[in-house]
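Input: a single structure, listed below in structure tokens.
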Amino acid sequence: MLEHIIKNDQVCATISDHGAELRSLVILKENKEIMWQADPKYWGRTSPVLFPIVGGLWENKYAYKGVTYSMPKHGFARDMDFTLVSEADDELVFELHDNEETRKMYPFAFTLRIGYKLIGSKLDVTYTVVNDNEGTMCFSIGAHPAFNCDLTTDKLLFEKNGEPVSDTLKSGVIAMDSGCLSDKVIEVKTNEAVLSLSPELFDEDALIIDERQSDSVTLLRAADDHKVKVSFDAPLFGVWSPDKKNAPFVCIEPWNGRCDRVGYSGSLEEREHGNTLSQDGVFTSTFSIEIK
């Protein structure tokens, strides 16, 4: 496993070729780490890519063209070694292709590229999916970055089109026994678009905010007054920290896809928030992490 560094005069980012995972984002002036450092006591990852599914499948399986396949939660890309295909002082691009093992779980030929580019105090992360099949390809893709925080003091600001959102967000709820979406919907009350974090907020797993209710979430850190803003073009996102652990991090997760609903019996093509690409089609989605 190799790690690669990009930096400018403000921040330094470290990315591993294993999973093309962002492992560190440091404010150089203060030598301050922003990213969670994957302590397995709480959660042993930092910012995995979720591909070719986001979340879990009902009973860990799906149907495609009459054949049943099994795949673990969040897919397999996060556990594979990518190839570095482009490198500059402030930019890296990694690439992954299907192989014999992936096709046992996911019967598609694909190219997945993950690009990282620094622009001032902002890191842009771009996912590019290319359909290398003769027919249509079905997939989901999402991000899972974790940021150091204190759940007892820090807050989140939700915005859309540069303006604070309404005082209430609607969130889906995960059924804890299955990892799939229940029919329950909760109202998340904010104070002028600001939500105070707490360990209890995640007692029912992640918040799942869809219908483009927000396109940026900013972590307001009480200890140092830094703001970490995650902006995205994805149609939905999750906010997560491990339940019952009071973990010292929170994940802000832009998603192009989502877990199955409890009891889902449809095909891969029919999954909610799924994406399709025609032959040689290209899908691109970008999110950014900006330190203020």
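Just so we're on the same page: first chain in the structure tokens is A, next is B, and so on; residues restart at 1 for each chain, and ligands are numbered from 1 in the order they show up.
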Open item on the list: Excluding Arg271 (chain A) and its own-chain neighbours fewer than 4 positions away, which residues fall within 10 Å of it when counting only C-alpha atoms? Please give them as number ranges by chain.
Closed with: A: 57, 62, 138-140, 257-261, 264-267, 275
Non-local contacts of Asn99 (chain A) (10 Å; only C-alpha atoms; under 5 positions in same chain excluded) as a PyMOL selection string = chain A and resi 104+106-110
Spatial neighbours of Tyr116 (chain A), 7 Å, only C-alpha atoms, chain gap at least 5 places, as an MDAnalysis selection string: chainID A and resid 91:93 123:126
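When the distance limit is 9 Å and only C-alpha atoms are what count, the residues near Phe82 (chain A), minus those fewer than 2 positions from it on the same chain, are Ser16, Asp17, His18, Gly19, Ala20, Ala77, Met80, Leu84, Phe94, Glu95, Leu96, His97 and Arg113 of chain A.
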Using the selection just defined, write its residues with N, CA and C atoms as a JSON list (two decimals), in the first residue's frame.
```json
[["chain", "number", "residue", "atom", "x", "y", "z"],
["A", 16, "SER", "N", -4.18, 7.23, -0.29],
["A", 16, "SER", "CA", -3.64, 5.88, -0.44],
["A", 16, "SER", "C", -4.09, 5.28, -1.76],
["A", 17, "ASP", "N", -3.21, 4.47, -2.36],
["A", 17, "ASP", "CA", -3.67, 3.77, -3.57],
["A", 17, "ASP", "C", -4.63, 2.62, -3.22],
["A", 18, "HIS", "N", -4.68, 2.21, -1.95],
["A", 18, "HIS", "CA", -5.66, 1.21, -1.53],
["A", 18, "HIS", "C", -7.00, 1.89, -1.34],
["A", 19, "GLY", "N", -7.91, 1.60, -2.25],
["A", 19, "GLY", "CA", -9.21, 2.25, -2.23],
["A", 19, "GLY", "C", -9.20, 3.67, -2.76],
["A", 20, "ALA", "N", -8.03, 4.16, -3.22],
["A", 20, "ALA", "CA", -7.89, 5.57, -3.60],
["A", 20, "ALA", "C", -8.49, 6.46, -2.52],
["A", 77, "ALA", "N", -15.04, -1.49, -4.17],
["A", 77, "ALA", "CA", -13.95, -0.62, -4.61],
["A", 77, "ALA", "C", -13.10, -0.12, -3.45],
["A", 80, "MET", "N", -10.01, -2.36, -2.78],
["A", 80, "MET", "CA", -9.17, -2.73, -3.90],
["A", 80, "MET", "C", -8.05, -1.71, -4.10],
["A", 84, "LEU", "N", -2.31, 4.66, -9.84],
["A", 84, "LEU", "CA", -2.11, 6.10, -10.04],
["A", 84, "LEU", "C", -1.80, 6.34, -11.51],
["A", 94, "PHE", "N", -6.54, 8.45, -9.78],
["A", 94, "PHE", "CA", -6.40, 7.00, -9.62],
["A", 94, "PHE", "C", -7.43, 6.29, -10.49],
["A", 95, "GLU", "N", -7.13, 5.05, -10.86],
["A", 95, "GLU", "CA", -8.03, 4.32, -11.75],
["A", 95, "GLU", "C", -8.16, 2.87, -11.31],
["A", 96, "LEU", "N", -9.38, 2.35, -11.48],
["A", 96, "LEU", "CA", -9.69, 0.96, -11.17],
["A", 96, "LEU", "C", -10.50, 0.36, -12.31],
["A", 97, "HIS", "N", -10.21, -0.91, -12.64],
["A", 97, "HIS", "CA", -10.97, -1.63, -13.66],
["A", 97, "HIS", "C", -11.55, -2.90, -13.07],
["A", 113, "ARG", "N", -12.51, 6.20, -12.11],
["A", 113, "ARG", "CA", -11.42, 7.12, -11.82],
["A", 113, "ARG", "C", -11.81, 8.00, -10.64]]
```
message: If we count only C-alpha atoms and set the cut-off at 10 Å, which residues sit around Glu163 (chain A), ignoring sequence neighbours fewer than 5 positions away in its own chain? Please answer as a VMD selection string.
response: chain A and resid 158 193 214 to 216
Tell me, which residues of region 71-282 of chain A carry DSSP strand (DSSP E or B), written as a ChimeraX atom specification?
/A:75,81,83-88,91-97,110-119,122-131,137-139,141-143,146-148,155-160,163-164,168-175,180-189,191,194-196,207-209,216-220,227-232,236-240,249-256,261,275-277,282
So that I have them on file, write out the residues from the current selection with C-alpha atoms, as a CSV table (one decimal), in the first residue's frame.
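The result, stored in result_26.csv:
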```
chain,number,residue,atom,x,y,z
A,75,GLY,CA,-19.5,-2.6,-2.7
A,81,ASP,CA,-5.8,-1.3,-5.0
A,83,THR,CA,-3.5,2.6,-10.1
A,84,LEU,CA,-2.1,6.1,-10.0
A,85,VAL,CA,-2.5,7.3,-13.6
A,86,SER,CA,-1.8,11.0,-13.3
A,87,GLU,CA,0.3,13.0,-10.8
A,88,ALA,CA,1.1,16.7,-10.3
A,91,GLU,CA,-3.5,16.9,-8.3
A,92,LEU,CA,-3.7,13.0,-8.4
A,93,VAL,CA,-5.9,10.7,-10.5
A,94,PHE,CA,-6.4,7.0,-9.6
A,95,GLU,CA,-8.0,4.3,-11.8
A,96,LEU,CA,-9.7,1.0,-11.2
A,97,HIS,CA,-11.0,-1.6,-13.7
A,110,PHE,CA,-16.1,-0.6,-16.0
A,111,THR,CA,-13.5,2.1,-15.5
A,112,LEU,CA,-13.6,4.0,-12.2
A,113,ARG,CA,-11.4,7.1,-11.8
A,114,ILE,CA,-11.1,9.1,-8.6
A,115,GLY,CA,-9.4,12.5,-8.9
A,116,TYR,CA,-8.1,14.8,-6.2
A,117,LYS,CA,-7.2,18.4,-6.9
A,118,LEU,CA,-6.3,21.2,-4.4
A,119,ILE,CA,-7.5,24.8,-5.1
A,122,LYS,CA,-10.3,23.4,-1.0
A,123,LEU,CA,-10.0,19.8,-2.1
A,124,ASP,CA,-12.1,18.8,-5.1
A,125,VAL,CA,-12.8,15.0,-5.3
A,126,THR,CA,-14.2,13.8,-8.7
A,127,TYR,CA,-15.7,10.4,-9.4
A,128,THR,CA,-15.8,9.3,-13.0
A,129,VAL,CA,-17.5,6.1,-14.1
A,130,VAL,CA,-17.1,4.7,-17.6
A,131,ASN,CA,-19.3,2.0,-19.0
A,137,MET,CA,-24.6,-0.5,-16.9
A,138,CYS,CA,-26.3,0.0,-13.5
A,139,PHE,CA,-24.4,1.4,-10.6
A,141,ILE,CA,-21.4,5.7,-6.1
A,142,GLY,CA,-20.9,7.7,-3.0
A,143,ALA,CA,-18.4,9.2,-0.6
A,146,ALA,CA,-15.0,11.4,8.2
A,147,PHE,CA,-14.0,14.6,10.0
A,148,ASN,CA,-12.5,15.1,13.5
A,155,LYS,CA,-22.6,21.8,15.0
A,156,LEU,CA,-23.6,21.4,11.4
A,157,LEU,CA,-24.9,24.1,9.0
A,158,PHE,CA,-27.1,23.1,6.1
A,159,GLU,CA,-27.3,25.3,3.0
A,160,LYS,CA,-28.7,25.1,-0.5
A,163,GLU,CA,-28.5,30.1,1.5
A,164,PRO,CA,-29.5,28.4,4.9
A,168,THR,CA,-36.7,21.3,9.4
A,169,LEU,CA,-35.0,18.6,7.4
A,170,LYS,CA,-36.7,15.2,6.6
A,171,SER,CA,-34.6,12.2,7.1
A,172,GLY,CA,-35.0,8.5,6.3
A,173,VAL,CA,-34.1,6.0,9.0
A,174,ILE,CA,-32.1,2.8,8.8
A,175,ALA,CA,-33.6,-0.4,10.2
A,180,CYS,CA,-31.7,-1.1,4.9
A,181,LEU,CA,-34.1,1.8,4.8
A,182,SER,CA,-37.3,1.5,6.9
A,183,ASP,CA,-40.5,3.3,6.2
A,184,LYS,CA,-39.9,5.7,9.1
A,185,VAL,CA,-39.2,9.3,8.3
A,186,ILE,CA,-38.1,11.7,11.1
A,187,GLU,CA,-38.0,15.5,11.2
A,188,VAL,CA,-34.6,17.0,12.1
A,189,LYS,CA,-35.1,20.3,13.7
A,191,ASN,CA,-32.0,26.5,14.6
A,194,VAL,CA,-27.8,24.9,12.3
A,195,LEU,CA,-28.0,21.5,14.0
A,196,SER,CA,-26.2,20.8,17.3
A,207,LEU,CA,-29.4,10.5,8.9
A,208,ILE,CA,-30.4,10.1,5.2
A,209,ILE,CA,-31.4,13.4,3.6
A,216,SER,CA,-23.6,21.7,1.3
A,217,VAL,CA,-23.0,20.8,5.0
A,218,THR,CA,-20.5,22.8,7.1
A,219,LEU,CA,-19.0,21.4,10.3
A,220,LEU,CA,-18.7,24.2,12.8
A,227,LYS,CA,-15.2,25.4,9.4
A,228,VAL,CA,-15.1,22.4,7.2
A,229,LYS,CA,-17.6,22.8,4.3
A,230,VAL,CA,-18.6,19.8,2.2
A,231,SER,CA,-20.3,20.8,-1.1
A,232,PHE,CA,-21.7,18.4,-3.6
A,236,LEU,CA,-28.8,12.9,-1.4
A,237,PHE,CA,-26.4,12.6,1.5
A,238,GLY,CA,-25.9,10.9,4.8
A,239,VAL,CA,-24.6,12.2,8.1
A,240,TRP,CA,-23.2,9.4,10.4
A,249,PHE,CA,-15.8,12.2,14.3
A,250,VAL,CA,-18.7,12.8,12.0
A,251,CYS,CA,-19.1,11.7,8.4
A,252,ILE,CA,-20.7,13.9,5.8
A,253,GLU,CA,-21.5,11.6,2.8
A,254,PRO,CA,-22.6,12.8,-0.6
A,255,TRP,CA,-24.4,9.9,-2.4
A,256,ASN,CA,-25.4,9.1,-5.9
A,261,ARG,CA,-35.6,-0.5,1.4
A,275,ASN,CA,-27.8,5.3,-12.1
A,276,THR,CA,-27.5,3.9,-15.6
A,277,LEU,CA,-25.0,4.4,-18.4
A,282,VAL,CA,-19.5,8.5,-18.8
```
Just the helix (DSSP H, G or I) stuff from region 35-119 of chain A, please, per backbone DSSP, written as a PyMOL selection string.
chain A and resi 58-60+77-79+100-105
